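Structure data follow from model-v7.txt (compact mmCIF, C-alpha atoms):
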# COMPACT_ATOMS: atom_id res chain seq x y z
CA MET O 187 -7.22 7.69 -24.07
CA GLU O 188 -4.85 4.80 -23.40
CA ALA O 189 -5.79 2.51 -20.49
CA ILE O 190 -5.51 -1.03 -19.16
CA VAL O 191 -8.96 -2.65 -19.04
CA TYR O 192 -10.35 -5.99 -17.90
CA GLU O 193 -13.89 -7.32 -18.36
CA GLU O 194 -13.82 -10.50 -16.27
CA PHE O 195 -11.97 -11.92 -13.27
CA GLY O 196 -8.94 -14.08 -13.92
CA GLY O 197 -5.20 -14.17 -14.43
CA ALA O 198 -3.02 -11.49 -15.94
CA GLU O 199 -4.21 -12.54 -19.40
CA VAL O 200 -7.54 -10.75 -18.82
CA LEU O 201 -5.75 -7.38 -18.80
CA ARG O 202 -6.06 -5.61 -22.14
CA HIS O 203 -4.12 -2.56 -23.32
CA ALA O 204 -6.77 -0.40 -24.97
CA THR O 205 -6.73 2.86 -26.90
CA GLY O 206 -9.73 5.03 -27.61
CA VAL O 207 -11.08 4.62 -24.07
CA THR O 208 -13.42 7.48 -23.12
CA VAL O 209 -11.72 10.16 -21.04
CA PRO O 210 -13.56 10.42 -17.70
CA GLU O 211 -15.20 13.67 -16.56
CA PRO O 212 -14.86 14.93 -12.98
CA GLY O 213 -17.99 15.26 -10.88
CA PRO O 214 -18.60 17.66 -7.99
CA GLY O 215 -15.65 17.73 -5.61
CA GLU O 216 -13.46 15.72 -7.99
CA VAL O 217 -10.48 16.54 -10.20
CA ARG O 218 -9.23 14.95 -13.37
CA VAL O 219 -5.52 14.22 -13.46
CA LYS O 220 -3.16 13.57 -16.36
CA VAL O 221 -1.35 10.58 -14.91
CA ALA O 222 2.45 10.65 -14.86
CA ALA O 223 3.12 7.53 -12.75
CA VAL O 224 1.08 4.71 -11.24
CA GLY O 225 1.90 2.77 -8.09
CA LEU O 226 1.23 -0.97 -8.49
CA ASN O 227 -0.08 -2.77 -5.39
CA PRO O 228 -0.88 -6.42 -4.59
CA VAL O 229 -4.53 -5.40 -4.18
CA ASP O 230 -4.55 -4.64 -7.92
CA TRP O 231 -4.11 -8.29 -8.88
CA LYS O 232 -6.24 -9.48 -5.95
CA ARG O 233 -9.06 -7.35 -7.39
CA ARG O 234 -8.38 -8.80 -10.84
CA HIS O 235 -8.91 -12.28 -9.35
CA GLY O 236 -12.11 -11.15 -7.60
CA TRP O 237 -10.69 -11.89 -4.15
CA VAL O 238 -11.43 -8.56 -2.44
CA GLU O 239 -14.94 -7.72 -3.62
CA ALA O 240 -16.03 -7.13 -0.01
CA PHE O 241 -13.72 -4.12 0.13
CA TYR O 242 -13.46 -3.05 -3.54
CA PRO O 243 -16.54 -4.08 -5.57
CA THR O 244 -15.88 -4.24 -9.30
CA THR O 245 -17.97 -2.89 -12.17
CA PHE O 246 -16.92 -4.12 -15.61
CA PRO O 247 -15.24 -2.96 -17.73
CA ALA O 248 -12.73 -2.04 -15.02
CA VAL O 249 -9.48 -0.11 -15.00
CA PRO O 250 -7.06 -1.28 -12.26
CA GLY O 251 -5.10 0.90 -9.89
CA LEU O 252 -5.64 2.91 -6.71
CA GLU O 253 -2.80 5.42 -6.58
CA PHE O 254 -1.11 7.87 -8.93
CA ALA O 255 0.94 11.01 -9.33
CA GLY O 256 0.18 13.51 -12.05
CA THR O 257 -0.98 16.96 -13.08
CA VAL O 258 -4.45 18.42 -12.48
CA ASP O 259 -6.14 18.61 -15.89
CA LYS O 260 -9.72 19.64 -15.04
CA LEU O 261 -11.64 20.70 -11.92
CA GLY O 262 -15.08 19.44 -10.94
CA GLU O 263 -17.75 21.72 -9.53
CA GLY O 264 -17.01 23.08 -6.08
CA VAL O 265 -13.30 22.22 -6.00
CA THR O 266 -11.22 24.83 -4.21
CA GLY O 267 -7.56 25.08 -3.36
CA LEU O 268 -6.45 23.46 -6.61
CA ALA O 269 -5.76 24.77 -10.11
CA VAL O 270 -5.22 23.22 -13.51
CA GLY O 271 -1.52 22.49 -13.84
CA ASP O 272 -0.95 21.65 -10.15
CA GLU O 273 1.24 18.59 -9.57
CA VAL O 274 -0.43 16.17 -7.16
CA LEU O 275 -0.45 12.63 -5.83
CA GLY O 276 -3.40 10.73 -4.50
CA TRP O 277 -6.16 8.16 -4.83
CA THR O 278 -8.25 7.56 -7.92
CA ARG O 279 -11.95 6.71 -8.21
CA THR O 280 -11.77 5.45 -11.80
CA GLY O 281 -8.55 3.41 -11.90
CA SER O 282 -5.05 4.77 -12.34
CA TYR O 283 -3.75 2.44 -15.09
CA ALA O 284 -4.72 5.09 -17.62
CA GLU O 285 -3.66 8.37 -19.19
CA TYR O 286 -6.35 10.24 -17.22
CA ALA O 287 -7.96 9.43 -13.87
CA ILE O 288 -10.57 10.98 -11.60
CA ALA O 289 -9.51 11.66 -8.02
CA GLY O 290 -11.23 12.81 -4.88
CA ILE O 291 -8.28 12.71 -2.48
CA VAL O 292 -5.12 14.49 -3.59
CA ALA O 293 -2.18 16.23 -1.96
CA PRO O 294 0.42 18.58 -3.44
CA LYS O 295 3.50 16.92 -4.92
CA PRO O 296 6.49 18.80 -3.50
CA ALA O 297 9.06 20.12 -5.96
CA GLY O 298 12.00 17.75 -6.00
CA LEU O 299 9.93 14.60 -5.42
CA SER O 300 10.05 12.36 -8.49
CA TRP O 301 6.87 11.14 -10.14
CA GLU O 302 7.86 7.55 -9.34
CA ALA O 303 8.42 8.30 -5.65
CA ALA O 304 5.21 10.32 -5.42
CA ALA O 305 3.12 7.52 -6.96
CA SER O 306 4.58 5.05 -4.44
CA LEU O 307 3.35 6.89 -1.35
CA PRO O 308 -0.48 7.01 -1.15
CA VAL O 309 -1.38 3.36 -0.49
CA ALA O 310 1.67 2.40 1.56
CA GLY O 311 1.58 5.57 3.65
CA GLU O 312 -2.15 5.47 4.34
CA THR O 313 -2.16 1.75 5.14
CA ALA O 314 0.86 1.93 7.44
CA GLN O 315 -0.43 4.97 9.34
CA ARG O 316 -3.97 3.56 9.62
CA VAL O 317 -2.79 0.30 11.20
CA LEU O 318 -0.29 1.95 13.54
CA ASP O 319 -3.09 4.22 14.76
CA LEU O 320 -5.50 1.29 15.03
CA ILE O 321 -3.25 -0.74 17.33
CA GLY O 322 -2.35 2.38 19.31
CA VAL O 323 1.40 1.92 19.30
CA ARG O 324 3.10 4.70 21.28
CA GLU O 325 6.50 6.17 22.03
CA GLY O 326 8.57 3.85 24.21
CA GLU O 327 6.65 0.70 23.22
CA THR O 328 7.86 -2.30 21.24
CA LEU O 329 6.15 -3.30 17.99
CA PHE O 330 6.54 -6.62 16.19
CA LEU O 331 6.04 -5.98 12.47
CA HIS O 332 5.67 -9.13 10.37
CA GLY O 333 6.72 -8.50 6.76
CA ALA O 334 8.76 -5.44 7.64
CA ALA O 335 10.76 -5.26 4.41
CA GLY O 336 7.75 -5.06 2.10
CA VAL O 337 6.53 -1.72 0.80
CA VAL O 338 3.85 -1.18 3.47
CA GLY O 339 6.01 -2.77 6.15
CA SER O 340 9.04 -0.63 5.41
CA VAL O 341 6.96 2.57 5.52
CA ALA O 342 5.43 1.42 8.82
CA VAL O 343 8.92 0.79 10.22
CA GLN O 344 9.98 4.33 9.34
CA LEU O 345 6.84 5.94 10.76
CA ALA O 346 7.05 3.91 13.97
CA VAL O 347 10.76 4.53 14.52
CA ALA O 348 10.22 8.26 13.93
CA ALA O 349 7.54 8.15 16.66
CA GLY O 350 9.96 6.64 19.18
CA VAL O 351 8.75 3.04 18.87
CA ARG O 352 11.17 0.09 19.05
CA VAL O 353 10.47 -2.15 16.03
CA ILE O 354 11.23 -5.86 15.71
CA GLY O 355 10.76 -6.71 12.05
CA SER O 356 10.54 -10.09 10.38
CA ALA O 357 11.97 -10.53 6.90
CA SER O 358 14.07 -12.87 4.83
CA GLU O 359 17.74 -12.71 5.80
CA SER O 360 18.63 -10.98 2.53
CA ASN O 361 16.62 -7.97 3.78
CA HIS O 362 18.05 -7.77 7.29
CA ALA O 363 20.66 -5.13 6.43
CA TYR O 364 17.93 -3.03 4.84
CA LEU O 365 15.80 -3.22 7.99
CA ARG O 366 18.75 -2.17 10.14
CA GLU O 367 19.18 0.87 7.89
CA LEU O 368 15.54 1.77 8.59
CA GLY O 369 16.08 1.45 12.33
CA ALA O 370 14.42 -1.94 12.98
CA ILE O 371 15.82 -5.04 14.67
CA PRO O 372 15.49 -7.85 12.10
CA VAL O 373 14.45 -11.44 12.80
CA ALA O 374 14.10 -14.29 10.32
CA TYR O 375 10.85 -15.82 9.12
CA GLY O 376 9.95 -19.44 9.76
CA GLU O 377 9.73 -21.95 12.58
CA GLY O 378 10.83 -20.56 15.92
CA LEU O 379 9.75 -17.01 15.04
CA ALA O 380 8.22 -16.36 18.48
CA ASP O 381 11.45 -17.36 20.20
CA ARG O 382 13.50 -15.07 17.96
CA VAL O 383 11.18 -12.15 18.66
CA ARG O 384 11.41 -12.79 22.42
CA ALA O 385 15.19 -12.89 22.19
CA ALA O 386 15.19 -9.54 20.39
CA ALA O 387 12.65 -8.06 22.83
CA PRO O 388 13.24 -9.68 26.24
CA ASP O 389 10.91 -7.17 27.92
CA GLY O 390 8.06 -8.24 25.67
CA VAL O 391 6.07 -6.91 22.73
CA ASP O 392 3.26 -4.38 23.10
CA ALA O 393 1.60 -4.60 19.68
CA VAL O 394 1.73 -6.59 16.44
CA PHE O 395 1.27 -5.41 12.84
CA ASP O 396 0.95 -8.27 10.36
CA ALA O 397 1.78 -6.98 6.88
CA ALA O 398 2.60 -10.36 5.32
CA GLY O 399 0.10 -13.01 6.41
CA HIS O 400 1.31 -16.63 6.09
CA GLY O 401 -0.34 -17.76 9.35
CA VAL O 402 1.48 -15.53 11.82
CA LEU O 403 -1.59 -14.56 13.86
CA PRO O 404 -1.24 -17.43 16.38
CA VAL O 405 2.35 -16.26 16.95
CA ALA O 406 1.10 -12.71 17.47
CA ILE O 407 -1.40 -13.88 20.09
CA GLU O 408 1.28 -15.94 21.81
CA LEU O 409 3.66 -12.98 21.95
CA LEU O 410 1.01 -10.78 23.59
CA GLY O 411 0.09 -13.27 26.30
CA GLY O 412 -1.79 -16.17 24.74
CA ALA O 413 -5.40 -16.51 25.89
CA ASP O 414 -5.18 -13.19 27.73
CA ALA O 415 -3.68 -11.28 24.79
CA PRO O 416 -5.23 -7.83 24.14
CA LYS O 417 -6.35 -8.60 20.60
CA GLU O 418 -7.16 -4.95 19.90
CA ARG O 419 -3.39 -4.44 19.78
CA ILE O 420 -3.01 -6.85 16.85
CA ALA O 421 -4.04 -6.04 13.28
CA THR O 422 -3.45 -7.62 9.89
CA ILE O 423 -3.71 -6.42 6.31
CA ALA O 424 -2.86 -9.81 4.82
CA ASP O 425 -4.56 -12.71 6.66
CA ALA O 426 -8.14 -13.55 5.69
CA ASP O 427 -8.44 -15.74 8.81
CA ALA O 428 -8.32 -12.69 11.07
CA GLU O 429 -11.98 -12.94 12.12
CA ARG O 430 -11.49 -16.53 13.24
CA TYR O 431 -8.87 -15.32 15.71
CA GLY O 432 -10.87 -12.30 16.84
CA ILE O 433 -8.35 -9.95 15.22
CA VAL O 434 -9.09 -6.94 13.04
CA PHE O 435 -8.47 -7.18 9.30
CA SER O 436 -7.84 -3.58 8.29
CA GLY O 437 -8.59 -3.06 4.63
CA VAL O 438 -10.69 0.08 4.22
CA VAL O 439 -9.30 3.57 3.63
CA GLY O 440 -10.01 5.95 6.50
CA ASP O 441 -11.56 9.41 6.75
CA PRO O 442 -10.76 11.45 3.60
CA ASP O 443 -9.59 14.53 5.50
CA ALA O 444 -7.23 12.43 7.63
CA VAL O 445 -6.00 10.57 4.54
CA ARG O 446 -5.30 13.87 2.76
CA ALA O 447 -3.44 15.29 5.77
CA GLY O 448 -1.38 12.13 6.12
CA LEU O 449 -0.54 12.08 2.43
CA THR O 450 0.60 15.70 2.58
CA ALA O 451 2.82 14.94 5.57
CA HIS O 452 4.28 11.81 3.99
CA ALA O 453 5.06 13.62 0.73
CA ARG O 454 6.82 16.35 2.67
CA ALA O 455 8.82 13.75 4.63
CA ALA O 456 9.74 11.97 1.39
CA VAL O 457 11.16 15.10 -0.24
CA GLU O 458 13.02 15.91 2.98
CA GLY O 459 14.57 12.43 2.95
CA THR O 460 13.03 11.14 6.19
CA LEU O 461 10.59 8.72 4.52
CA ALA O 462 11.40 6.55 1.52
CA VAL O 463 9.85 3.78 -0.55
CA ARG O 464 12.33 1.50 -2.26
CA LEU O 465 11.73 1.48 -6.04
CA ALA O 466 12.11 -1.96 -7.61
CA GLU O 467 11.35 -1.41 -11.31
CA THR O 468 9.34 0.72 -13.72
CA PHE O 469 7.28 -0.53 -16.66
CA PRO O 470 5.49 1.21 -19.52
CA LEU O 471 1.73 1.13 -19.01
CA LYS O 472 1.21 -1.34 -21.85
CA GLU O 473 3.28 -3.91 -19.90
CA ALA O 474 0.95 -3.81 -16.88
CA ALA O 475 0.17 -7.52 -17.17
CA ARG O 476 3.86 -8.41 -16.93
CA ALA O 477 4.26 -6.08 -13.94
CA GLN O 478 1.29 -7.65 -12.15
CA GLU O 479 2.65 -11.13 -12.81
CA LEU O 480 5.96 -10.08 -11.24
CA SER O 481 4.16 -8.64 -8.21
CA GLU O 482 2.06 -11.78 -7.84
CA SER O 483 5.18 -13.97 -7.95
CA GLY O 484 6.22 -12.55 -4.58
CA HIS O 485 9.82 -12.00 -5.70
CA VAL O 486 9.88 -8.21 -5.75
CA ARG O 487 12.06 -6.02 -3.56
CA GLY O 488 10.36 -2.67 -3.46
CA LYS O 489 7.73 -0.81 -5.45
CA LEU O 490 6.69 -1.47 -9.04
CA VAL O 491 5.64 1.65 -10.94
CA LEU O 492 3.86 2.00 -14.29
CA LEU O 493 4.56 4.96 -16.59
CA PRO O 494 1.75 5.92 -19.03
Would you put the structure from the file into structure tokens?
Amino acid sequence: MEAIVYEEFGGAEVLRHATGVTVPEPGPGEVRVKVAAVGLNPVDWKRRHGWVEAFYPTTFPAVPGLEFAGTVDKLGEGVTGLAVGDEVLGWTRTGSYAEYAIAGIVAPKPAGLSWEAAASLPVAGETAQRVLDLIGVREGETLFLHGAAGVVGSVAVQLAVAAGVRVIGSASESNHAYLRELGAIPVAYGEGLADRVRAAAPDGVDAVFDAAGHGVLPVAIELLGGADAPKERIATIADADAERYGIVFSGVVGDPDAVRAGLTAHARAAVEGTLAVRLAETFPLKEAARAQELSESGHVRGKLVLLP
């Protein structure tokens, strides 16, 4: 089969477009999927650099990619509730930058949901929901979401607003109109951020979700009361200094049954038009290196998707 492979850590140049790669076989409880679309995530190039081995250990040769949408091609032993030919989206165990991938967590792809949209949901939806649950944000509370216009951030905004949470979201000014469309109150990045958040939320902030990093954790602590801040109500997915501040770095996928249920709900919301991921650009699979370079540049508005 066709796949993107890398055999050492490094820059985008280590990615190789290969043909003749062995098609993987599903084990017990797994399914094989003919991949129709691949969601590209920053963790893909962080793994390529070797920066996230604590969460995603690498065995070479490696195929990048966590999420996909496609058609069930073969069932492993003991799989029930699925049939060959079913259209699904989910998480792969073998890497999704390939014609075929093995998956253990899948959900039905609703009719009317495009392959590109379906492939954009698993990582962003699971990450956003996991962190919102972790910090316990509830109806009537105010959430400060740093990096609110990114893919994970924008999904978190939509989920929080739908749950009755008031969201103050930081983003570059070019994305402020977008955040207002999602139901958030936008504030600009940079010096004076805490003051801008206080002005937008004069009654205070109840929880903080850091989806962007860039040293915002001291601001988060300040917003929640300084030395007396309830740090269990702050979480980051982007700042490696979290432990130094006594704050949780959330980077591990949760319980499979909960992930599957959440994915099913998010796919249903997406086809109903109540949850959306902004699509930035699509690339053919063989141009994965160029797509990862674009993602790593930090100048992407929305989701990058690969099409095998």
Nearby residues (all atoms listed in the file) at most 8 Å from range 469-476 of chain O, same-chain spacing under 5 positions excluded, as a PDB file with C-alpha atoms, in the coordinates of the input:
ATOM      1  CA  ALA O 189      -5.790   2.510 -20.490  1.00  0.00           C
ATOM      2  CA  ILE O 190      -5.510  -1.030 -19.160  1.00  0.00           C
ATOM      3  CA  ALA O 198      -3.020 -11.490 -15.940  1.00  0.00           C
ATOM      4  CA  GLU O 199      -4.210 -12.540 -19.400  1.00  0.00           C
ATOM      5  CA  LEU O 201      -5.750  -7.380 -18.800  1.00  0.00           C
ATOM      6  CA  HIS O 203      -4.120  -2.560 -23.320  1.00  0.00           C
ATOM      7  CA  TYR O 283      -3.750   2.440 -15.090  1.00  0.00           C
ATOM      8  CA  ALA O 284      -4.720   5.090 -17.620  1.00  0.00           C
ATOM      9  CA  LEU O 490       6.690  -1.470  -9.040  1.00  0.00           C
ATOM     10  CA  VAL O 491       5.640   1.650 -10.940  1.00  0.00           C
ATOM     11  CA  LEU O 492       3.860   2.000 -14.290  1.00  0.00           C
ATOM     12  CA  LEU O 493       4.560   4.960 -16.590  1.00  0.00           C
ATOM     13  CA  PRO O 494       1.750   5.920 -19.030  1.00  0.00           C
TER      14      PRO O 494
END
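The residue that comes closest to Ala305 in chain O, out of O:Leu226, O:Ile321, O:Ala255, O:Ala348 and on the basis of all atoms listed in the file, is O:Ala255.
With only C-alpha atoms as the atoms that count, the minimum distance from Gly311 in chain O to the choices O:Gly236, O:Gly276, O:Gly264, O:Gly326 is reached by O:Gly276.
Note that CA of Arg366 in chain O and CA of Val405 in chain O are 22.7 Å apart.
Note that CA of Arg316 in chain O and CA of Leu480 in chain O are 26.8 Å apart.
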Original post:
Of the candidates O:Thr422, O:Ala222, O:Ala342, O:Gly336, which one gets nearest to Tyr364 in chain O if we count all atoms listed in the file?
Top reply: O:Gly336
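Nearest residue to Val191 in chain O among O:Gly256, O:Gly281, O:Pro388, O:Pro210 is O:Gly281, counting all atoms listed in the file.
Among the candidates O:Val434, O:Val486, O:Val353, O:Val309, the one nearest to Thr328 in chain O when counting all atoms listed in the file is O:Val353.
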Subject >> Asp230 in chain O surroundings by all atoms listed in the file, 8 Å radius, close-in-sequence under 5 positions cut, as JSON, numbers by chain >> reply: {"O": [250, 251, 252, 478]}
So that all listed atoms of range 332-341 of chain O fit with 4 Å spare on each side, what axis-aligned box centre and edge lengths in Å, to one decimal, would you give as lines of an AutoDock Vina configuration file?
center_x = 7.3
center_y = -3.3
center_z = 5.6
size_x = 14.9
size_y = 19.7
size_z = 17.6
**OP:** Quick one: pull the distance between CA of Pro296 in chain O and CA of Thr468 in chain O, Å, one decimal.
**Re:** 21.0 Å
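Residues in contact range of Ala424 in chain O, defined as at most 9 Å between all atoms listed in the file, with sequence neighbours fewer than 3 positions away removed, read Asp396, Ala397, Ala398, Gly399, His400, Ala428, Phe435, Ser436 and Gly437 of chain O.
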